[in-house]
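Structure data (mmCIF, C-alpha atoms) from final.cif:
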data_final
loop_
_atom_site.group_PDB
_atom_site.id
_atom_site.type_symbol
_atom_site.label_atom_id
_atom_site.label_comp_id
_atom_site.auth_asym_id
_atom_site.auth_seq_id
_atom_site.Cartn_x
_atom_site.Cartn_y
_atom_site.Cartn_z
ATOM 1 C CA MET A 160 0.000 0.000 0.000
ATOM 2 C CA PRO A 161 1.330 3.491 -0.772
ATOM 3 C CA TYR A 162 2.801 5.367 2.163
ATOM 4 C CA ILE A 163 3.107 9.074 2.734
ATOM 5 C CA HIS A 164 4.847 10.641 5.685
ATOM 6 C CA LYS A 165 3.256 14.071 5.633
ATOM 7 C CA SER A 166 5.300 16.937 6.992
ATOM 8 C CA GLY A 167 7.161 19.971 5.764
ATOM 9 C CA ALA A 168 10.153 18.758 7.729
ATOM 10 C CA LEU A 169 9.970 15.395 6.026
ATOM 11 C CA PHE A 170 7.425 14.376 3.400
ATOM 12 C CA THR A 171 8.208 10.962 1.922
ATOM 13 C CA ILE A 172 6.193 9.251 -0.779
ATOM 14 C CA VAL A 173 6.941 5.613 -1.471
ATOM 15 C CA SER A 174 5.170 3.332 -3.931
ATOM 16 C CA THR A 175 6.189 1.066 -6.774
ATOM 17 C CA ALA A 176 6.049 4.031 -9.141
ATOM 18 C CA ILE A 177 7.004 6.945 -6.878
ATOM 19 C CA CYS A 178 9.926 7.484 -4.560
ATOM 20 C CA ALA A 179 10.713 11.045 -3.528
ATOM 21 C CA LEU A 180 12.239 12.699 -0.507
ATOM 22 C CA LEU A 181 11.189 16.251 0.256
ATOM 23 C CA ILE A 182 13.174 18.238 2.794
ATOM 24 C CA PHE A 183 12.131 21.308 4.741
ATOM 25 C CA ALA A 184 13.092 24.462 2.848
ATOM 26 C CA GLY A 185 13.644 26.641 5.896
ATOM 27 C CA CYS A 186 12.629 30.125 4.760
ATOM 28 C CA GLY A 187 9.163 31.341 3.881
ATOM 29 C CA SER A 188 7.393 34.639 3.577
ATOM 30 C CA ASP A 189 6.334 36.348 6.816
ATOM 31 C CA GLN A 190 3.768 38.424 4.929
ATOM 32 C CA LYS A 191 0.233 37.050 5.178
ATOM 33 C CA ASP A 192 -3.231 38.004 4.142
ATOM 34 C CA GLU A 193 -4.887 39.605 7.186
ATOM 35 C CA LYS A 194 -8.363 38.379 6.218
ATOM 36 C CA ALA A 195 -7.106 34.795 5.857
ATOM 37 C CA ASP A 196 -5.254 35.043 9.175
ATOM 38 C CA ALA A 197 -8.429 36.166 10.936
ATOM 39 C CA MET A 198 -10.120 32.910 9.929
ATOM 40 C CA THR A 199 -7.137 30.587 10.380
ATOM 41 C CA PRO A 200 -6.609 28.787 13.705
ATOM 42 C CA THR A 201 -3.480 29.708 15.626
ATOM 43 C CA VAL A 202 -1.006 27.870 17.817
ATOM 44 C CA PRO A 203 -0.797 28.626 21.568
ATOM 45 C CA GLN A 204 2.236 30.560 22.800
ATOM 46 C CA GLU A 205 3.152 27.758 25.208
ATOM 47 C CA ILE A 206 2.183 24.139 25.639
ATOM 48 C CA ASN A 207 3.625 21.875 28.364
ATOM 49 C CA GLY A 208 6.876 23.885 28.395
ATOM 50 C CA TRP A 209 7.250 24.147 24.600
ATOM 51 C CA VAL A 210 7.341 27.813 23.549
ATOM 52 C CA LEU A 211 6.205 29.138 20.173
ATOM 53 C CA ALA A 212 8.947 30.736 18.042
ATOM 54 C CA ASP A 213 8.501 34.391 17.121
ATOM 55 C CA SER A 214 8.423 33.865 13.358
ATOM 56 C CA THR A 215 5.805 31.966 11.361
ATOM 57 C CA GLU A 216 6.351 30.730 7.824
ATOM 58 C CA SER A 217 3.608 30.985 5.219
ATOM 59 C CA TYR A 218 3.462 29.472 1.735
ATOM 60 C CA ASP A 219 0.712 30.083 -0.823
ATOM 61 C CA ARG A 220 -0.100 28.411 -4.149
ATOM 62 C CA GLU A 221 2.841 30.140 -5.846
ATOM 63 C CA THR A 222 5.442 29.386 -3.149
ATOM 64 C CA ILE A 223 4.342 25.904 -2.066
ATOM 65 C CA PHE A 224 7.328 24.328 -3.869
ATOM 66 C CA ASP A 225 9.676 26.370 -1.696
ATOM 67 C CA TYR A 226 8.382 24.350 1.230
ATOM 68 C CA ILE A 227 7.444 20.983 -0.302
ATOM 69 C CA ASN A 228 9.820 20.651 -3.228
ATOM 70 C CA GLY A 229 8.367 18.109 -5.603
ATOM 71 C CA ALA A 230 5.093 17.141 -3.924
ATOM 72 C CA GLY A 231 3.397 20.508 -4.176
ATOM 73 C CA GLU A 232 1.419 19.155 -7.119
ATOM 74 C CA VAL A 233 -0.426 16.801 -4.780
ATOM 75 C CA TYR A 234 -1.710 19.751 -2.740
ATOM 76 C CA LEU A 235 -2.395 21.894 -5.808
ATOM 77 C CA SER A 236 -4.526 19.105 -7.293
ATOM 78 C CA PHE A 237 -6.919 19.922 -4.451
ATOM 79 C CA GLY A 238 -8.058 23.419 -3.459
ATOM 80 C CA TYR A 239 -4.909 24.269 -1.504
ATOM 81 C CA GLN A 240 -4.655 27.954 -0.578
ATOM 82 C CA GLN A 241 -1.750 28.210 1.858
ATOM 83 C CA VAL A 242 0.076 26.579 4.752
ATOM 84 C CA ASN A 243 1.245 28.274 7.934
ATOM 85 C CA VAL A 244 4.181 26.586 9.669
ATOM 86 C CA TYR A 245 4.842 27.037 13.393
ATOM 87 C CA ARG A 246 7.756 25.806 15.492
ATOM 88 C CA LEU A 247 7.823 25.238 19.226
ATOM 89 C CA THR A 248 10.990 24.647 21.216
ATOM 90 C CA LYS A 249 11.844 23.529 24.724
ATOM 91 C CA PRO A 250 15.277 23.185 26.394
ATOM 92 C CA ASP A 251 16.650 19.640 26.106
ATOM 93 C CA ALA A 252 13.581 18.527 24.136
ATOM 94 C CA PRO A 253 12.909 17.948 20.427
ATOM 95 C CA GLU A 254 11.268 20.645 18.331
ATOM 96 C CA ILE A 255 7.550 20.412 17.572
ATOM 97 C CA ILE A 256 6.418 21.528 14.116
ATOM 98 C CA VAL A 257 2.797 22.448 13.370
ATOM 99 C CA GLU A 258 1.470 22.808 9.821
ATOM 100 C CA ILE A 259 -1.981 24.302 9.238
ATOM 101 C CA PHE A 260 -3.056 23.823 5.618
ATOM 102 C CA ASP A 261 -5.984 25.847 4.291
ATOM 103 C CA MET A 262 -7.392 23.552 1.603
ATOM 104 C CA GLY A 263 -10.204 25.884 0.538
ATOM 105 C CA THR A 264 -13.091 23.490 1.270
ATOM 106 C CA ALA A 265 -13.912 20.768 3.776
ATOM 107 C CA GLU A 266 -14.081 18.112 1.064
ATOM 108 C CA ASP A 267 -10.572 18.951 -0.144
ATOM 109 C CA ALA A 268 -9.297 18.935 3.444
ATOM 110 C CA PHE A 269 -10.701 15.403 3.690
ATOM 111 C CA GLY A 270 -9.212 14.633 0.270
ATOM 112 C CA ILE A 271 -5.642 15.472 1.237
ATOM 113 C CA PHE A 272 -6.113 13.678 4.563
ATOM 114 C CA SER A 273 -7.382 10.580 2.755
ATOM 115 C CA TYR A 274 -4.579 10.650 0.190
ATOM 116 C CA ALA A 275 -2.377 8.217 2.086
ATOM 117 C CA ARG A 276 -3.774 7.655 5.542
ATOM 118 C CA GLU A 277 -3.530 4.056 6.713
ATOM 119 C CA GLY A 278 -5.826 4.424 9.706
ATOM 120 C CA GLU A 279 -8.373 6.839 11.079
ATOM 121 C CA GLU A 280 -9.601 7.527 14.579
ATOM 122 C CA SER A 281 -12.352 9.786 15.881
ATOM 123 C CA GLY A 282 -12.061 12.387 18.605
ATOM 124 C CA ILE A 283 -10.072 15.126 16.883
ATOM 125 C CA GLY A 284 -11.616 17.046 13.999
ATOM 126 C CA GLY A 285 -13.445 15.081 11.326
ATOM 127 C CA GLY A 286 -10.973 12.263 11.879
ATOM 128 C CA TYR A 287 -7.293 11.904 12.678
ATOM 129 C CA GLU A 288 -4.361 9.568 12.256
ATOM 130 C CA TYR A 289 -1.429 9.235 14.637
ATOM 131 C CA ARG A 290 1.453 7.416 13.031
ATOM 132 C CA GLY A 291 5.018 7.303 14.235
ATOM 133 C CA SER A 292 5.849 10.840 15.339
ATOM 134 C CA LEU A 293 3.087 12.544 13.362
ATOM 135 C CA LEU A 294 -0.544 13.388 14.155
ATOM 136 C CA CYS A 295 -2.711 14.694 11.293
ATOM 137 C CA PHE A 296 -6.399 15.609 11.264
ATOM 138 C CA TRP A 297 -8.891 17.363 9.024
ATOM 139 C CA GLN A 298 -11.661 19.712 10.090
ATOM 140 C CA ASP A 299 -13.750 22.151 8.078
ATOM 141 C CA ARG A 300 -11.411 23.450 5.351
ATOM 142 C CA PHE A 301 -8.216 22.783 7.326
ATOM 143 C CA TYR A 302 -5.720 19.936 7.299
ATOM 144 C CA VAL A 303 -3.429 20.059 10.331
ATOM 145 C CA CYS A 304 -0.234 18.127 11.070
ATOM 146 C CA VAL A 305 1.695 18.131 14.354
ATOM 147 C CA LEU A 306 5.154 16.557 14.208
ATOM 148 C CA CYS A 307 7.723 15.773 16.898
ATOM 149 C CA TYR A 308 10.473 13.409 15.722
ATOM 150 C CA GLU A 309 11.338 12.089 19.184
ATOM 151 C CA GLN A 310 8.006 10.936 20.617
ATOM 152 C CA SER A 311 8.604 10.590 24.340
ATOM 153 C CA ASP A 312 5.517 10.315 26.532
ATOM 154 C CA GLU A 313 5.919 14.037 27.270
ATOM 155 C CA ALA A 314 6.148 14.968 23.600
ATOM 156 C CA LYS A 315 3.213 12.718 22.682
ATOM 157 C CA THR A 316 1.067 14.398 25.347
ATOM 158 C CA ALA A 317 2.018 17.824 23.973
ATOM 159 C CA THR A 318 1.282 16.660 20.405
ATOM 160 C CA TYR A 319 -2.254 15.594 21.274
ATOM 161 C CA LYS A 320 -2.859 18.686 23.396
ATOM 162 C CA LEU A 321 -1.737 20.961 20.543
ATOM 163 C CA ALA A 322 -3.969 19.158 18.052
ATOM 164 C CA ARG A 323 -7.015 19.454 20.324
ATOM 165 C CA GLN A 324 -6.415 23.148 21.063
ATOM 166 C CA ILE A 325 -6.154 23.897 17.333
ATOM 167 C CA SER A 326 -9.263 21.803 16.631
ATOM 168 C CA ASP A 327 -11.208 23.785 19.234
ATOM 169 C CA GLN A 328 -10.704 26.950 17.139
ATOM 170 C CA ILE A 329 -12.206 25.462 13.955
ATOM 171 C CA PRO A 330 -15.951 25.244 13.182
ATOM 172 C CA PRO A 331 -17.154 21.820 14.350
ATOM 173 C CA THR A 332 -19.515 21.198 11.423
ATOM 174 C CA THR A 333 -17.359 18.830 9.389
ATOM 175 C CA GLU A 334 -18.905 16.383 6.946
ATOM 176 C CA LYS A 335 -17.285 14.080 4.423
ATOM 177 C CA PRO A 336 -18.079 14.653 0.713
ATOM 178 C CA ASP A 337 -21.431 13.266 -0.411
ATOM 179 C CA LEU A 338 -19.677 10.996 -2.927
ATOM 180 C CA VAL A 339 -18.000 9.328 0.051
ATOM 181 C CA ARG A 340 -21.076 9.227 2.281
ATOM 182 C CA PHE A 341 -23.031 7.310 -0.371
ATOM 183 C CA LEU A 342 -20.467 4.496 -0.622
ATOM 184 C CA PRO A 343 -22.090 1.148 0.285
ATOM 185 C CA GLU A 344 -20.895 -0.022 3.700
ATOM 186 C CA GLU A 345 -21.071 -3.813 3.227
ATOM 187 C CA LYS A 346 -17.513 -5.197 2.891
ATOM 188 C CA LEU A 347 -16.114 -1.649 2.630
ATOM 189 C CA ILE A 348 -12.481 -1.306 3.739
ATOM 190 C CA PRO A 349 -12.812 2.066 5.536
ATOM 191 C CA ASN A 350 -9.191 3.218 5.273
ATOM 192 C CA SER A 351 -9.235 2.629 1.508
ATOM 193 C CA VAL A 352 -11.664 5.495 0.883
ATOM 194 C CA ARG A 353 -10.135 8.363 -1.130
ATOM 195 C CA PHE A 354 -11.561 11.640 -2.403
ATOM 196 C CA PHE A 355 -9.788 13.438 -5.247
ATOM 197 C CA HIS A 356 -10.077 15.272 -8.565
ATOM 198 C CA VAL A 357 -7.373 14.310 -11.055
ATOM 199 C CA GLN A 358 -6.016 11.319 -13.002
ATOM 200 C CA PRO A 359 -2.581 11.065 -11.297
ATOM 201 C CA THR A 360 -4.283 10.561 -7.921
ATOM 202 C CA LEU A 361 -6.492 7.808 -9.332
ATOM 203 C CA ASN A 362 -3.470 6.073 -10.832
ATOM 204 C CA TYR A 363 -1.591 6.404 -7.525
ATOM 205 C CA HIS A 364 -4.267 4.382 -5.741
ATOM 206 C CA TYR A 365 -5.634 2.272 -8.598
ATOM 207 C CA PHE A 366 -3.757 2.355 -11.881
ATOM 208 C CA LEU A 367 -6.214 2.749 -14.741
ATOM 209 C CA SER A 368 -4.397 4.076 -17.778
ATOM 210 C CA GLU A 369 -1.567 6.320 -18.910
ATOM 211 C CA GLU A 370 -4.210 8.252 -20.833
ATOM 212 C CA ASN A 371 -6.854 10.340 -19.095
ATOM 213 C CA ILE A 372 -9.672 8.279 -20.592
ATOM 214 C CA LEU A 373 -12.194 9.472 -17.970
ATOM 215 C CA GLY A 374 -11.501 13.168 -18.552
ATOM 216 C CA LEU A 375 -10.622 13.868 -14.908
ATOM 217 C CA ASN A 376 -9.591 17.398 -13.986
ATOM 218 C CA ARG A 377 -9.883 19.942 -11.161
ATOM 219 C CA ASP A 378 -13.597 20.368 -11.962
ATOM 220 C CA THR A 379 -14.398 16.691 -11.468
ATOM 221 C CA ARG A 380 -15.042 15.163 -8.045
ATOM 222 C CA ALA A 381 -14.215 11.511 -7.441
ATOM 223 C CA ALA A 382 -14.351 8.899 -4.691
ATOM 224 C CA LEU A 383 -12.586 5.546 -4.726
ATOM 225 C CA ALA A 384 -12.964 2.660 -2.271
ATOM 226 C CA GLU A 385 -11.918 -0.975 -1.949
ATOM 227 C CA TYR A 386 -14.287 -3.794 -0.986
ATOM 228 C CA GLY A 387 -13.785 -7.269 0.406
ATOM 229 C CA SER A 388 -10.528 -9.204 0.394
ATOM 230 C CA GLU A 389 -10.132 -9.703 -3.356
ATOM 231 C CA GLY A 390 -9.394 -6.137 -4.475
ATOM 232 C CA MET A 391 -12.765 -5.046 -5.836
ATOM 233 C CA HIS A 392 -12.930 -1.240 -6.193
ATOM 234 C CA LEU A 393 -15.791 1.198 -6.649
ATOM 235 C CA LEU A 394 -15.100 4.516 -8.391
ATOM 236 C CA VAL A 395 -17.650 7.328 -8.507
ATOM 237 C CA ILE A 396 -17.043 10.480 -10.535
ATOM 238 C CA GLU A 397 -19.151 13.613 -10.637
ATOM 239 C CA TYR A 398 -18.720 15.840 -13.689
ATOM 240 C CA ALA A 399 -19.752 19.447 -14.212
ATOM 241 C CA SER A 400 -22.645 18.389 -16.483
ATOM 242 C CA ASP A 401 -24.498 15.376 -17.879
ATOM 243 C CA GLU A 402 -22.811 15.999 -21.221
ATOM 244 C CA LYS A 403 -19.319 15.835 -19.734
ATOM 245 C CA ALA A 404 -20.267 12.673 -17.863
ATOM 246 C CA ALA A 405 -21.338 11.149 -21.190
ATOM 247 C CA VAL A 406 -17.955 12.039 -22.688
ATOM 248 C CA GLY A 407 -16.234 10.363 -19.735
ATOM 249 C CA HIS A 408 -18.505 7.343 -20.097
ATOM 250 C CA ASN A 409 -17.698 6.953 -23.786
ATOM 251 C CA GLY A 410 -13.997 7.527 -23.167
ATOM 252 C CA PHE A 411 -13.947 4.784 -20.557
ATOM 253 C CA LEU A 412 -15.781 2.310 -22.792
ATOM 254 C CA ASP A 413 -13.569 3.082 -25.796
ATOM 255 C CA GLY A 414 -10.318 3.045 -23.842
ATOM 256 C CA TYR A 415 -10.883 0.276 -21.283
ATOM 257 C CA ILE A 416 -13.742 -2.101 -22.106
ATOM 258 C CA PRO A 417 -14.841 -1.506 -25.736
ATOM 259 C CA GLU A 418 -16.550 -4.906 -25.747
ATOM 260 C CA ALA A 419 -19.005 -3.609 -23.108
ATOM 261 C CA LYS A 420 -20.621 -0.851 -25.183
ATOM 262 C CA SER A 421 -23.925 -2.717 -25.381
ATOM 263 C CA THR A 422 -24.114 -4.131 -21.852
ATOM 264 C CA GLY A 423 -21.930 -1.817 -19.749
ATOM 265 C CA ALA A 424 -20.041 -4.803 -18.294
ATOM 266 C CA ALA A 425 -17.149 -6.991 -19.401
ATOM 267 C CA LYS A 426 -14.870 -9.745 -18.178
ATOM 268 C CA ILE A 427 -11.259 -8.600 -18.435
ATOM 269 C CA GLU A 428 -7.976 -10.507 -18.896
ATOM 270 C CA THR A 429 -7.576 -11.155 -15.170
ATOM 271 C CA GLY A 430 -10.857 -13.056 -15.120
ATOM 272 C CA ARG A 431 -12.508 -10.326 -13.051
ATOM 273 C CA TRP A 432 -15.460 -8.161 -14.089
ATOM 274 C CA VAL A 433 -15.771 -4.426 -14.738
ATOM 275 C CA ALA A 434 -19.094 -2.586 -15.017
ATOM 276 C CA VAL A 435 -19.968 1.056 -15.617
ATOM 277 C CA GLN A 436 -23.153 3.090 -15.506
ATOM 278 C CA GLN A 437 -23.910 6.765 -16.039
ATOM 279 C CA LEU A 438 -26.443 8.400 -13.737
ATOM 280 C CA ASP A 439 -27.018 11.992 -14.866
ATOM 281 C CA ARG A 440 -23.672 13.730 -14.265
ATOM 282 C CA ARG A 441 -22.228 10.871 -12.251
ATOM 283 C CA LEU A 442 -20.321 7.876 -13.518
ATOM 284 C CA ILE A 443 -20.236 4.756 -11.335
ATOM 285 C CA ILE A 444 -17.619 2.104 -12.114
ATOM 286 C CA CYS A 445 -16.963 -1.206 -10.387
ATOM 287 C CA PHE A 446 -13.553 -2.809 -10.983
ATOM 288 C CA ASP A 447 -12.372 -6.360 -10.324
ATOM 289 C CA ALA A 448 -15.658 -7.891 -9.202
ATOM 290 C CA SER A 449 -15.857 -11.675 -8.968
ATOM 291 C CA SER A 450 -18.868 -11.774 -11.291
ATOM 292 C CA GLU A 451 -21.022 -9.549 -13.458
ATOM 293 C CA ASP A 452 -23.790 -9.784 -10.862
ATOM 294 C CA GLU A 453 -21.487 -8.596 -8.082
ATOM 295 C CA ALA A 454 -20.344 -5.632 -10.188
ATOM 296 C CA GLN A 455 -23.898 -4.602 -11.059
ATOM 297 C CA GLN A 456 -25.151 -5.094 -7.502
ATOM 298 C CA THR A 457 -22.367 -2.900 -6.124
ATOM 299 C CA ILE A 458 -23.295 -0.124 -8.526
ATOM 300 C CA GLU A 459 -26.971 -0.511 -7.604
ATOM 301 C CA ALA A 460 -26.093 -0.332 -3.897
ATOM 302 C CA TYR A 461 -24.478 3.054 -4.468
ATOM 303 C CA GLN A 462 -27.524 4.280 -6.412
ATOM 304 C CA ASN A 463 -29.824 3.117 -3.616
ATOM 305 C CA LYS A 464 -27.867 5.040 -0.991
ATOM 306 C CA MET A 465 -28.124 8.179 -3.109
ATOM 307 C CA THR A 466 -31.924 7.972 -3.016
ATOM 308 C CA GLU A 467 -32.319 7.105 0.682
#
Final structure tokens representation of the file:
Amino acid sequence: MPYIHKSGALFTIVSTAICALLIFAGCGSDQKDEKADAMTPTVPQEINGWVLADSTESYDRETIFDYINGAGEVYLSFGYQQVNVYRLTKPDAPEIIVEIFDMGTAEDAFGIFSYAREGEESGIGGGYEYRGSLLCFWQDRFYVCVLCYEQSDEAKTATYKLARQISDQIPPTTEKPDLVRFLPEEKLIPNSVRFFHVQPTLNYHYFLSEENILGLNRDTRAALAEYGSEGMHLLVIEYASDEKAAVGHNGFLDGYIPEAKSTGAAKIETGRWVAVQQLDRRLIICFDASSEDEAQQTIEAYQNKMTE
């Protein structure tokens, strides 16, 4: 499974196709938009003996690569606006780094959170993951990461306390995208759920094609999830219009399962089944089902949840 260690200090992406190391750049602009600052949560001046540094770094859509050199495209594929980076220090203790990403919308905050999370717990924001020395959560339009490389019990306590104090400043009304909420729950692998917009993200989680046969772009909304133990996936895409959905539908049939133009389903070389159906401006695709019936029933289950 792909792994991302998310942090400006260290952001590592490892998969069979991607291997990149991104190192903290160390100098950002101290000039910020006052209106944005007024709405952005802040970091306390002191927490359990850790004291906030005087300077705060800020990176917008134009300077993101100064901070995350090489992986900025992942953030820009969502609605990323800016990140504020805070540092807290304590004598004879490791530094704590806090990153507060403004992703523009709640669904894109969930999207970047879902990009590579391996687990999810409730209790902080809309959901959080604590892995290694890093705690990340999403809430409203914000994606927040708190990092302390040396996680002693004292540092771990401070990490959680920081995350909760930041969360308390953000509006509590946080809901996952509707495309995600309509996913059928039977046999769903919860931590496999992704929300995204563009083709490279789809290929990162489920390789489809070198060509953008579905016509994915920043204006499309997509959810992907895995079911059962045999690798079945459900992909739902929402286009800007019925007409664009039809173009995506035809592109998928022509480029992936041309033999399914009459039925919408086909058995592929692996012996598994793929089915697709257009519903107004949404396209629902089931990959790697054990049978045609299973593929069609999974698509129908999504449709039924939409109408509940």
As AutoDock Vina command-line options, what would the box around stretch 268-276 of chain A look like: edges along x, y and z, 4 Å added on every side, centre and edge lengths in Å to one decimal?
--center_x -6.5 --center_y 13.3 --center_z 2.9 --size_x 16.3 --size_y 19.3 --size_z 13.4
Report summary line: The residue from A:Leu338, A:Ile416, A:Ile256, A:Val233 with the smallest atom-to-atom distance to A:Gln358, counting all atoms listed in the file, is A:Val233
Requested in this report: Can you turn the PyMOL selection byres ((chain A and resi 371) around 10) into a concrete residue list for this file, as an MDAnalysis selection string?
Outcome: chainID A and resid 357:359 362 367:370 372:376 407 410:411 414
Name the residues that the PyMOL selection byres ((chain A and resi 462) around 12) picks from the file above, as a PDB file with C-alpha atoms, in the frame of the given file, using the file's chain letters and numbers.
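Wrote selection.pdb, looks like this:
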ATOM      1  CA  LEU A 338     -19.677  10.996  -2.927  1.00  0.00           C
ATOM      2  CA  ARG A 340     -21.076   9.227   2.281  1.00  0.00           C
ATOM      3  CA  PHE A 341     -23.031   7.310  -0.371  1.00  0.00           C
ATOM      4  CA  LEU A 342     -20.467   4.496  -0.622  1.00  0.00           C
ATOM      5  CA  PRO A 343     -22.090   1.148   0.285  1.00  0.00           C
ATOM      6  CA  VAL A 395     -17.650   7.328  -8.507  1.00  0.00           C
ATOM      7  CA  GLN A 436     -23.153   3.090 -15.506  1.00  0.00           C
ATOM      8  CA  GLN A 437     -23.910   6.765 -16.039  1.00  0.00           C
ATOM      9  CA  LEU A 438     -26.443   8.400 -13.737  1.00  0.00           C
ATOM     10  CA  ASP A 439     -27.018  11.992 -14.866  1.00  0.00           C
ATOM     11  CA  ARG A 441     -22.228  10.871 -12.251  1.00  0.00           C
ATOM     12  CA  LEU A 442     -20.321   7.876 -13.518  1.00  0.00           C
ATOM     13  CA  ILE A 443     -20.236   4.756 -11.335  1.00  0.00           C
ATOM     14  CA  ILE A 444     -17.619   2.104 -12.114  1.00  0.00           C
ATOM     15  CA  GLN A 455     -23.898  -4.602 -11.059  1.00  0.00           C
ATOM     16  CA  GLN A 456     -25.151  -5.094  -7.502  1.00  0.00           C
ATOM     17  CA  THR A 457     -22.367  -2.900  -6.124  1.00  0.00           C
ATOM     18  CA  ILE A 458     -23.295  -0.124  -8.526  1.00  0.00           C
ATOM     19  CA  GLU A 459     -26.971  -0.511  -7.604  1.00  0.00           C
ATOM     20  CA  ALA A 460     -26.093  -0.332  -3.897  1.00  0.00           C
ATOM     21  CA  TYR A 461     -24.478   3.054  -4.468  1.00  0.00           C
ATOM     22  CA  ASN A 463     -29.824   3.117  -3.616  1.00  0.00           C
ATOM     23  CA  LYS A 464     -27.867   5.040  -0.991  1.00  0.00           C
ATOM     24  CA  MET A 465     -28.124   8.179  -3.109  1.00  0.00           C
ATOM     25  CA  THR A 466     -31.924   7.972  -3.016  1.00  0.00           C
ATOM     26  CA  GLU A 467     -32.319   7.105   0.682  1.00  0.00           C
TER      27      GLU A 467
END
Place a sphere of radius 12 Å on (-12.0, -4.1, -2.6) in the file coordinates and name every protein, DNA or RNA residue with an atom inside or on its surface, counting only C-alpha atoms; give the answer as a short mmCIF file (atom, residue, chain, number, x, y, z; two decimals) with C-alpha atoms, keeping the file's coordinate frame.
data_model
loop_
_atom_site.label_atom_id
_atom_site.label_comp_id
_atom_site.auth_asym_id
_atom_site.auth_seq_id
_atom_site.Cartn_x
_atom_site.Cartn_y
_atom_site.Cartn_z
CA PRO A 343 -22.09 1.15 0.28
CA GLU A 344 -20.90 -0.02 3.70
CA GLU A 345 -21.07 -3.81 3.23
CA LYS A 346 -17.51 -5.20 2.89
CA LEU A 347 -16.11 -1.65 2.63
CA ILE A 348 -12.48 -1.31 3.74
CA PRO A 349 -12.81 2.07 5.54
CA ASN A 350 -9.19 3.22 5.27
CA SER A 351 -9.24 2.63 1.51
CA VAL A 352 -11.66 5.50 0.88
CA HIS A 364 -4.27 4.38 -5.74
CA TYR A 365 -5.63 2.27 -8.60
CA LEU A 383 -12.59 5.55 -4.73
CA ALA A 384 -12.96 2.66 -2.27
CA GLU A 385 -11.92 -0.98 -1.95
CA TYR A 386 -14.29 -3.79 -0.99
CA GLY A 387 -13.78 -7.27 0.41
CA SER A 388 -10.53 -9.20 0.39
CA GLU A 389 -10.13 -9.70 -3.36
CA GLY A 390 -9.39 -6.14 -4.47
CA MET A 391 -12.76 -5.05 -5.84
CA HIS A 392 -12.93 -1.24 -6.19
CA LEU A 393 -15.79 1.20 -6.65
CA LEU A 394 -15.10 4.52 -8.39
CA CYS A 445 -16.96 -1.21 -10.39
CA PHE A 446 -13.55 -2.81 -10.98
CA ASP A 447 -12.37 -6.36 -10.32
CA ALA A 448 -15.66 -7.89 -9.20
CA SER A 449 -15.86 -11.68 -8.97
CA GLU A 453 -21.49 -8.60 -8.08
CA ALA A 454 -20.34 -5.63 -10.19
CA THR A 457 -22.37 -2.90 -6.12
#
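Atom CA of A:Phe366 is found 15.2 Å from atom CA of A:Glu428.
Taking atom CA of A:Thr379 and atom CA of A:Ala399 as endpoints, the distance between them is 6.6 Å.
Put simply, the PyMOL selection byres ((chain A and resi 273-290) around 8) on this file hits Pro161, Tyr162, Ile163, Phe269, Gly270, Ile271, Phe272, Gly291, Ser292, Leu293, Leu294, Cys295, Phe296, Trp297, Gln298, Asp299, Ala322, Arg323, Ser326, Pro331, Thr333, Glu334, Lys335, Asn350, Ser351, Val352, Arg353 and Phe354 of chain A.
Taking atom CA of A:Thr199 and atom CA of A:Pro336 as the two end points, the separation is 21.6 Å.
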**Report entry** Among the residues A:Val433, A:Met262, A:Asp225, A:Thr201, the one that comes closest to A:Gln324 [using all atoms listed in the file]
**Finding:** A:Thr201
**Report entry** Residues within 10 Å of (7.4, 24.8, 18.9), file coords, all atoms listed in the file, listed as JSON, numbers by chain
**Finding:** {"A": [202, 203, 204, 205, 206, 208, 209, 210, 211, 212, 213, 244, 245, 246, 247, 248, 249, 253, 254, 255, 256, 257, 305, 306, 307]}
Written selection (C-alpha atoms) as a PDB file, in the frame of the given file:
ATOM      1  CA  VAL A 202      -1.006  27.870  17.817  1.00  0.00           C
ATOM      2  CA  PRO A 203      -0.797  28.626  21.568  1.00  0.00           C
ATOM      3  CA  GLN A 204       2.236  30.560  22.800  1.00  0.00           C
ATOM      4  CA  GLU A 205       3.152  27.758  25.208  1.00  0.00           C
ATOM      5  CA  ILE A 206       2.183  24.139  25.639  1.00  0.00           C
ATOM      6  CA  GLY A 208       6.876  23.885  28.395  1.00  0.00           C
ATOM      7  CA  TRP A 209       7.250  24.147  24.600  1.00  0.00           C
ATOM      8  CA  VAL A 210       7.341  27.813  23.549  1.00  0.00           C
ATOM      9  CA  LEU A 211       6.205  29.138  20.173  1.00  0.00           C
ATOM     10  CA  ALA A 212       8.947  30.736  18.042  1.00  0.00           C
ATOM     11  CA  ASP A 213       8.501  34.391  17.121  1.00  0.00           C
ATOM     12  CA  VAL A 244       4.181  26.586   9.669  1.00  0.00           C
ATOM     13  CA  TYR A 245       4.842  27.037  13.393  1.00  0.00           C
ATOM     14  CA  ARG A 246       7.756  25.806  15.492  1.00  0.00           C
ATOM     15  CA  LEU A 247       7.823  25.238  19.226  1.00  0.00           C
ATOM     16  CA  THR A 248      10.990  24.647  21.216  1.00  0.00           C
ATOM     17  CA  LYS A 249      11.844  23.529  24.724  1.00  0.00           C
ATOM     18  CA  PRO A 253      12.909  17.948  20.427  1.00  0.00           C
ATOM     19  CA  GLU A 254      11.268  20.645  18.331  1.00  0.00           C
ATOM     20  CA  ILE A 255       7.550  20.412  17.572  1.00  0.00           C
ATOM     21  CA  ILE A 256       6.418  21.528  14.116  1.00  0.00           C
ATOM     22  CA  VAL A 257       2.797  22.448  13.370  1.00  0.00           C
ATOM     23  CA  VAL A 305       1.695  18.131  14.354  1.00  0.00           C
ATOM     24  CA  LEU A 306       5.154  16.557  14.208  1.00  0.00           C
ATOM     25  CA  CYS A 307       7.723  15.773  16.898  1.00  0.00           C
TER      26      CYS A 307
END
